[in-house]
file final_34.cif (mmCIF, C-alpha atoms)
data_start
loop_
_atom_site.label_atom_id
_atom_site.label_comp_id
_atom_site.auth_asym_id
_atom_site.auth_seq_id
_atom_site.Cartn_x
_atom_site.Cartn_y
_atom_site.Cartn_z
CA MET A 6 209.40 98.64 268.18
CA THR A 7 206.11 97.10 267.05
CA ILE A 8 202.78 98.92 267.27
CA ALA A 9 200.55 96.91 269.58
CA GLY A 10 197.62 95.25 267.82
CA TRP A 11 198.87 96.14 264.34
CA ASP A 12 201.92 93.89 264.19
CA PHE A 13 203.71 96.62 262.27
CA GLU A 14 207.38 97.18 263.00
CA GLN A 15 208.97 100.59 263.08
CA PRO A 16 211.10 101.17 259.95
CA THR A 17 214.81 101.42 260.72
CA GLU A 18 217.95 102.85 259.18
CA ALA A 19 219.17 99.27 258.63
CA GLY A 20 216.00 98.55 256.65
CA LEU A 21 216.51 101.67 254.57
CA LEU A 22 220.13 100.65 253.89
CA ASP A 23 218.96 97.19 252.80
CA GLU A 24 216.48 98.77 250.36
CA LEU A 25 219.14 101.09 248.95
CA THR A 26 221.63 98.22 248.64
CA ASP A 27 219.06 96.17 246.73
CA ALA A 28 218.37 99.14 244.45
CA ILE A 29 221.97 100.02 243.56
CA GLY A 30 223.57 96.63 244.16
CA ASP A 31 226.37 97.90 246.38
CA PRO A 32 226.29 98.20 250.20
CA HIS A 33 229.20 100.65 250.25
CA GLY A 34 227.44 102.90 247.72
CA ALA A 35 224.22 102.67 249.72
CA ARG A 36 225.99 103.74 252.91
CA MET A 37 227.66 106.64 251.10
CA LEU A 38 224.33 107.75 249.66
CA LEU A 39 222.73 107.75 253.11
CA ASP A 40 225.77 109.55 254.57
CA ILE A 41 225.45 112.34 251.99
CA THR A 42 221.71 112.59 252.61
CA CYS A 43 222.02 112.80 256.38
CA ARG A 44 224.85 115.34 256.18
CA GLN A 45 222.75 117.49 253.86
CA LEU A 46 219.78 117.34 256.23
CA ARG A 47 221.98 117.54 259.37
CA LEU A 48 220.37 114.39 260.72
CA GLU A 49 222.16 112.38 263.39
CA ARG A 50 223.07 108.76 262.60
CA PRO A 51 221.76 106.25 263.12
CA LEU A 52 218.32 107.42 262.08
CA THR A 53 215.92 106.31 264.79
CA SER A 54 212.67 108.26 264.50
CA PRO A 55 210.12 107.72 261.70
CA GLY A 56 210.21 111.48 261.13
CA ASP A 57 213.94 111.46 260.38
CA ILE A 58 213.57 108.42 258.14
CA ILE A 59 210.78 110.17 256.23
CA LEU A 60 212.97 113.29 255.80
CA ALA A 61 215.84 111.13 254.51
CA THR A 62 213.61 109.26 252.06
CA GLU A 63 212.12 112.50 250.72
CA CYS A 64 215.64 113.81 250.13
CA LEU A 65 216.62 110.55 248.38
CA LEU A 66 213.53 110.75 246.16
CA GLU A 67 214.37 114.29 245.13
CA MET A 68 218.03 113.39 244.65
CA GLY A 69 216.95 110.61 242.30
CA ASP A 70 214.79 113.01 240.29
CA LEU A 71 217.60 115.57 240.05
CA LEU A 72 220.11 112.90 239.03
CA ARG A 73 217.72 111.91 236.24
CA VAL A 74 217.65 115.53 235.00
CA ALA A 75 221.44 115.88 235.12
CA ALA A 76 221.98 112.55 233.39
CA ARG A 77 219.37 113.34 230.72
CA SER A 78 221.01 116.68 229.96
CA THR A 79 224.38 115.04 229.46
CA LYS A 80 222.82 112.27 227.37
CA ILE A 81 221.15 114.80 225.07
CA ARG A 82 224.45 116.62 224.59
CA ALA A 83 226.36 113.38 223.92
CA VAL A 84 223.77 111.98 221.48
CA THR A 85 223.65 115.34 219.68
CA TYR A 86 227.43 115.32 219.32
CA ARG A 87 227.49 111.73 218.05
CA ALA A 88 224.63 112.32 215.60
CA LEU A 89 226.15 115.50 214.18
CA ALA A 90 229.64 113.99 213.98
CA THR A 91 228.22 111.05 212.01
CA LYS A 92 226.28 113.42 209.75
CA ALA A 93 229.34 115.61 209.18
CA SER A 94 231.56 112.67 208.21
CA SER A 95 229.08 111.09 205.78
CA MET B 60 217.40 127.86 247.44
CA SER B 61 218.01 129.81 244.22
CA ARG B 62 215.20 130.47 241.78
CA ALA B 63 216.94 128.27 239.21
CA GLY B 64 217.26 125.50 241.80
CA THR B 65 213.57 125.66 242.64
CA ARG B 66 212.66 125.60 238.94
CA LEU B 67 214.91 122.60 238.30
CA ARG B 68 213.35 120.69 241.21
CA THR B 69 209.94 121.28 239.66
CA VAL B 70 211.20 120.00 236.29
CA ALA B 71 212.75 117.00 238.08
CA ALA B 72 209.41 116.15 239.66
CA ILE B 73 207.87 115.59 236.20
CA ASP B 74 207.92 111.95 235.08
CA PHE B 75 209.07 112.98 231.60
CA ASP B 76 209.97 109.43 230.51
CA HIS B 77 206.41 108.17 231.00
CA PRO B 78 205.16 106.80 227.65
CA GLY B 79 201.67 108.13 228.37
CA LEU B 80 203.03 111.63 228.78
CA ARG B 81 204.96 111.38 225.51
CA ALA B 82 201.88 110.13 223.62
CA ALA B 83 199.68 112.90 225.00
CA LEU B 84 202.21 115.64 224.22
CA ASP B 85 202.83 114.27 220.72
CA GLN B 86 199.09 114.54 220.10
CA ILE B 87 198.88 118.12 221.37
CA THR B 88 201.90 119.27 219.36
CA ARG B 89 200.54 117.56 216.24
CA HIS B 90 197.27 119.44 216.74
CA SER B 91 199.13 122.78 217.03
CA ALA B 92 201.15 122.06 213.88
CA ASP B 93 198.04 121.00 211.95
CA ARG B 94 196.02 124.05 213.01
CA THR B 95 198.75 126.53 212.06
CA GLY B 96 200.08 124.70 209.00
CA LEU B 97 203.64 124.94 210.35
CA PRO B 98 205.96 121.95 209.94
CA ILE B 99 207.27 121.51 213.50
CA SER B 100 205.73 121.83 216.94
CA LEU B 101 207.41 120.91 220.22
CA ALA B 102 206.73 120.65 223.93
CA THR B 103 210.09 121.21 225.63
CA LEU B 104 211.36 120.98 229.17
CA VAL B 105 214.37 123.19 229.82
CA LEU B 106 216.82 121.19 231.97
CA ASP B 107 220.16 122.38 233.34
CA THR B 108 222.45 122.08 230.30
CA ALA B 109 220.01 120.86 227.63
CA GLN B 110 216.41 121.13 226.57
CA LEU B 111 214.41 117.92 226.42
CA ILE B 112 211.80 117.41 223.72
CA ALA B 113 208.99 115.90 225.79
CA GLY B 114 206.56 115.80 222.87
CA SER B 115 206.90 116.64 219.20
CA SER B 116 205.47 116.75 215.73
CA GLY B 117 207.41 117.04 212.48
CA ILE B 118 210.93 116.02 213.55
CA GLY B 119 210.77 112.29 212.84
CA GLY B 120 213.94 110.82 211.31
CA THR B 121 216.12 113.83 212.14
CA TRP B 122 219.08 114.09 214.52
CA LEU B 123 216.84 116.26 216.69
CA SER B 124 214.56 113.28 217.12
CA GLU B 125 217.50 110.97 217.82
CA ALA B 126 218.91 113.27 220.50
CA ASN B 127 215.41 114.05 221.78
CA GLY B 128 216.61 117.54 222.62
CA THR B 129 219.30 120.13 222.02
CA PRO B 130 222.16 121.64 223.99
CA LEU B 131 220.80 124.47 226.11
CA GLU B 132 222.87 127.12 224.34
CA TRP B 133 220.98 126.47 221.09
CA SER B 134 217.55 126.52 222.71
CA PHE B 135 215.07 129.19 221.65
CA CYS B 136 212.80 127.98 224.46
CA LYS B 137 215.32 128.95 227.15
CA THR B 138 214.44 132.60 226.38
CA VAL B 139 210.79 131.84 227.12
CA VAL B 140 211.83 130.25 230.42
CA ALA B 141 214.12 133.17 231.31
CA THR B 142 211.54 135.87 230.60
CA GLY B 143 208.28 134.05 231.29
CA LEU B 144 206.89 135.65 228.14
CA PRO B 145 206.07 134.49 224.62
CA TYR B 146 209.10 134.70 222.32
CA VAL B 147 208.71 135.21 218.60
CA VAL B 148 211.39 135.23 215.91
CA ALA B 149 209.99 135.73 212.41
CA ASP B 150 213.33 135.61 210.58
CA ALA B 151 216.00 133.90 212.64
CA ALA B 152 218.72 134.29 210.00
CA ASN B 153 218.46 138.05 210.42
CA ASP B 154 217.76 138.12 214.14
CA PRO B 155 220.58 139.69 216.19
CA VAL B 156 220.37 136.99 218.89
CA GLN B 157 219.58 133.90 216.82
CA SER B 158 221.43 134.46 213.55
CA THR B 159 224.51 132.59 214.80
CA ASN B 160 222.53 129.78 216.46
CA PRO B 161 223.62 126.46 214.87
CA LEU B 162 219.95 125.41 214.71
CA VAL B 163 219.59 128.33 212.28
CA THR B 164 222.94 128.27 210.46
CA MET B 165 223.17 124.48 210.16
CA GLY B 166 219.78 123.11 211.16
CA GLY B 167 217.67 125.16 208.79
CA ILE B 168 215.33 126.64 211.39
CA ARG B 169 214.16 130.03 210.21
CA ALA B 170 211.20 131.05 212.41
CA TYR B 171 210.14 130.36 215.99
CA ALA B 172 207.29 131.19 218.34
CA GLY B 173 207.03 129.79 221.85
CA VAL B 174 204.92 130.32 224.95
CA PRO B 175 205.68 129.32 228.55
CA LEU B 176 204.64 126.12 230.31
CA LYS B 177 204.02 126.88 233.97
CA VAL B 178 203.83 124.06 236.53
CA GLY B 179 203.65 124.68 240.27
CA GLY B 180 204.39 128.36 239.76
CA GLU B 181 207.61 127.62 237.82
CA ILE B 182 208.21 127.90 234.08
CA VAL B 183 209.47 124.45 233.18
CA GLY B 184 209.65 124.77 229.39
CA ALA B 185 207.78 125.97 226.34
CA HIS B 186 205.29 124.99 223.68
CA CYS B 187 206.58 126.18 220.33
CA LEU B 188 206.16 126.24 216.59
CA LEU B 189 209.10 126.17 214.19
CA SER B 190 209.41 126.78 210.50
CA ASP B 191 212.13 126.31 207.91
CA SER B 192 211.08 129.51 206.18
CA ILE B 193 210.46 133.09 207.29
CA HIS B 194 207.08 133.27 209.00
CA THR B 195 205.15 136.18 210.44
CA PHE B 196 203.24 134.65 213.33
CA THR B 197 199.63 135.75 213.59
CA ASP B 198 197.41 136.22 216.63
CA VAL B 199 195.73 132.97 215.61
CA ASP B 200 199.10 131.14 215.70
CA LEU B 201 199.76 132.48 219.21
CA SER B 202 196.23 131.57 220.35
CA VAL B 203 196.77 128.02 219.12
CA LEU B 204 200.05 127.91 221.06
CA SER B 205 198.42 129.25 224.23
CA ALA B 206 195.60 126.72 224.03
CA GLY B 207 198.09 123.94 223.39
CA ALA B 208 200.20 125.12 226.33
CA GLN B 209 197.20 124.89 228.66
CA ASN B 210 196.63 121.30 227.57
CA ILE B 211 200.32 120.45 227.94
CA VAL B 212 200.42 121.88 231.47
CA ALA B 213 197.42 119.73 232.40
CA VAL B 214 199.28 116.64 231.15
CA LEU B 215 202.47 117.61 233.00
CA ASN B 216 200.50 118.15 236.21
CA ASN B 217 199.14 114.63 235.84
CA HIS B 218 202.68 113.26 235.64
CA LEU B 219 204.28 114.82 238.70
CA THR B 220 206.18 112.28 240.79
CA PRO B 221 205.06 111.94 244.41
CA THR B 222 208.32 113.32 245.86
CA GLY B 223 206.50 115.99 247.79
CA TRP B 224 203.95 113.70 249.44
#
call {"tool": "encode", "arguments": {"input": "final_34.cif", "output": "structure tokens"}}
result
Amino acid sequence: MTIAGWDFEQPTEAGLLDELTDAIGDPHGARMLLDITCRQLRLERPLTSPGDIILATECLLEMGDLLRVAARSTKIRAVTYRALATKASS
Amino acid sequence: MSRAGTRLRTVAAIDFDHPGLRAALDQITRHSADRTGLPISLATLVLDTAQLIAGSSGIGGTWLSEANGTPLEWSFCKTVVATGLPYVVADAANDPVQSTNPLVTMGGIRAYAGVPLKVGGEIVGAHCLLSDSIHTFTDVDLSVLSAGAQNIVAVLNNHLTPTGW
């Protein structure tokens, strides 16, 4: 649907999937990510309303932030181990 | 959502890899170290299984700098996050909680003082001073930490990601 006078098309689930596929480089992974998100939010697929798409994108944003925290924690632990192992063997 | 979950989401909303944030926190920690004459000052964010050093002074060239953090179980700052109160250890080698901490037994840390960093109502980490010798922290030391913490919180607030928009 396009808003009359503004020539602005309603964002769609397909558009969101395209964006996610571009970001992670894998359409299957993008679909899985959206599946997880919609299950978590109990949103019906396909997403049709702008409100549901906004909810899904907010969840994806937060998921990205939390993944960054989890990955950083593991990286700190791994780099610490490597650094101390090198120090101990020298 | 659990309290820990809410706290972690607040930490996650901080853009802690932003070079501007790092530069600003390095400057604040350097100021705290200079004003107290202590060798190390940190601004930490306590994550889920590790603490991240978001800004620092006095750890250049060490493994701590390379890892840019420590495992959570070694973190003094996690106590600040858990209690929401300043945490002071004047002699870590003889402290019942910290005497077996590898940062003390192997890393040479001997004294610690830290105060909370509160963002969005959640304690996300701590601003701390560390010494490699026994140190009795003075009221002036703690005032310097509190002032530094206020400045750090202002920087962190300026680097919140727009997730909640």
call {"tool": "residues_around", "arguments": {"input": "final_34.cif", "residues": "B:Ser134", "least_positions_apart": "2", "cutoff": "10 Å", "atoms": "only C-alpha atoms", "output": "PyMOL selection string"}}
result
chain B and resi 103+105+109-111+128-132+136-139+157+160-162
call {"tool": "resolve_selection", "arguments": {"input": "final_34.cif", "expression": "the PyMOL selection byres ((chain A) within 9 of (chain B))", "output": "compact mmCIF listing (two decimals) with C-alpha atoms, keeping the file's coordinate frame"}}
result
# COMPACT_ATOMS: atom_id res chain seq x y z
CA GLU A 63 212.12 112.50 250.72
CA CYS A 64 215.64 113.81 250.13
CA LEU A 66 213.53 110.75 246.16
CA GLU A 67 214.37 114.29 245.13
CA GLY A 69 216.95 110.61 242.30
CA ASP A 70 214.79 113.01 240.29
CA LEU A 71 217.60 115.57 240.05
CA LEU A 72 220.11 112.90 239.03
CA ARG A 73 217.72 111.91 236.24
CA VAL A 74 217.65 115.53 235.00
CA ALA A 75 221.44 115.88 235.12
CA ARG A 77 219.37 113.34 230.72
CA SER A 78 221.01 116.68 229.96
CA THR A 79 224.38 115.04 229.46
CA LYS A 80 222.82 112.27 227.37
CA ILE A 81 221.15 114.80 225.07
CA ARG A 82 224.45 116.62 224.59
CA ALA A 83 226.36 113.38 223.92
CA VAL A 84 223.77 111.98 221.48
CA THR A 85 223.65 115.34 219.68
CA TYR A 86 227.43 115.32 219.32
CA ALA A 88 224.63 112.32 215.60
CA LEU A 89 226.15 115.50 214.18
CA LYS A 92 226.28 113.42 209.75
call {"tool": "resolve_selection", "arguments": {"input": "final_34.cif", "expression": "the PyMOL selection byres ((chain A and resi 36) around 10)", "output": "compact mmCIF listing (two decimals) with C-alpha atoms, in the frame of the given file"}}
result
# COMPACT_ATOMS: atom_id res chain seq x y z
CA ALA A 19 219.17 99.27 258.63
CA LEU A 21 216.51 101.67 254.57
CA LEU A 22 220.13 100.65 253.89
CA ASP A 23 218.96 97.19 252.80
CA LEU A 25 219.14 101.09 248.95
CA THR A 26 221.63 98.22 248.64
CA ASP A 31 226.37 97.90 246.38
CA PRO A 32 226.29 98.20 250.20
CA HIS A 33 229.20 100.65 250.25
CA GLY A 34 227.44 102.90 247.72
CA ALA A 35 224.22 102.67 249.72
CA MET A 37 227.66 106.64 251.10
CA LEU A 38 224.33 107.75 249.66
CA LEU A 39 222.73 107.75 253.11
CA ASP A 40 225.77 109.55 254.57
CA ILE A 41 225.45 112.34 251.99
CA THR A 42 221.71 112.59 252.61
call {"tool": "atom_distance", "arguments": {"input": "final_34.cif", "atom1": "atom CA of A:Arg50", "atom2": "atom CA of B:Gly64"}}
result
27.3 Å
call {"tool": "resolve_selection", "arguments": {"input": "final_34.cif", "expression": "the PyMOL selection byres ((chain B and resi 198-209) around 7)", "output": "list in words"}}
result
Ile87, Ser91, Thr95, Val174, Leu176, His186, Cys187, Phe196, Thr197, Asn210, Ile211, Val212 and Ala213 of chain B
call {"tool": "atom_distance", "arguments": {"input": "final_34.cif", "atom1": "atom CA of B:Leu189", "atom2": "atom CA of B:Ser115"}}
result
11.0 Å
call {"tool": "atom_distance", "arguments": {"input": "final_34.cif", "atom1": "atom CA of B:Ala152", "atom2": "atom CA of B:Arg169"}}
result
6.2 Å
call {"tool": "residues_around", "arguments": {"input": "final_34.cif", "residues": "B:Pro98", "least_positions_apart": "5", "cutoff": "8 Å", "atoms": "all atoms listed in the file", "output": "ChimeraX atom specification"}}
result
/B:92,116-117,188-191
call {"tool": "closest_residue", "arguments": {"input": "final_34.cif", "among": "B:Gly179, B:Trp133, B:His218, B:Gly114", "to": "B:Ile99", "atoms": "all atoms listed in the file"}}
result
B:Gly114
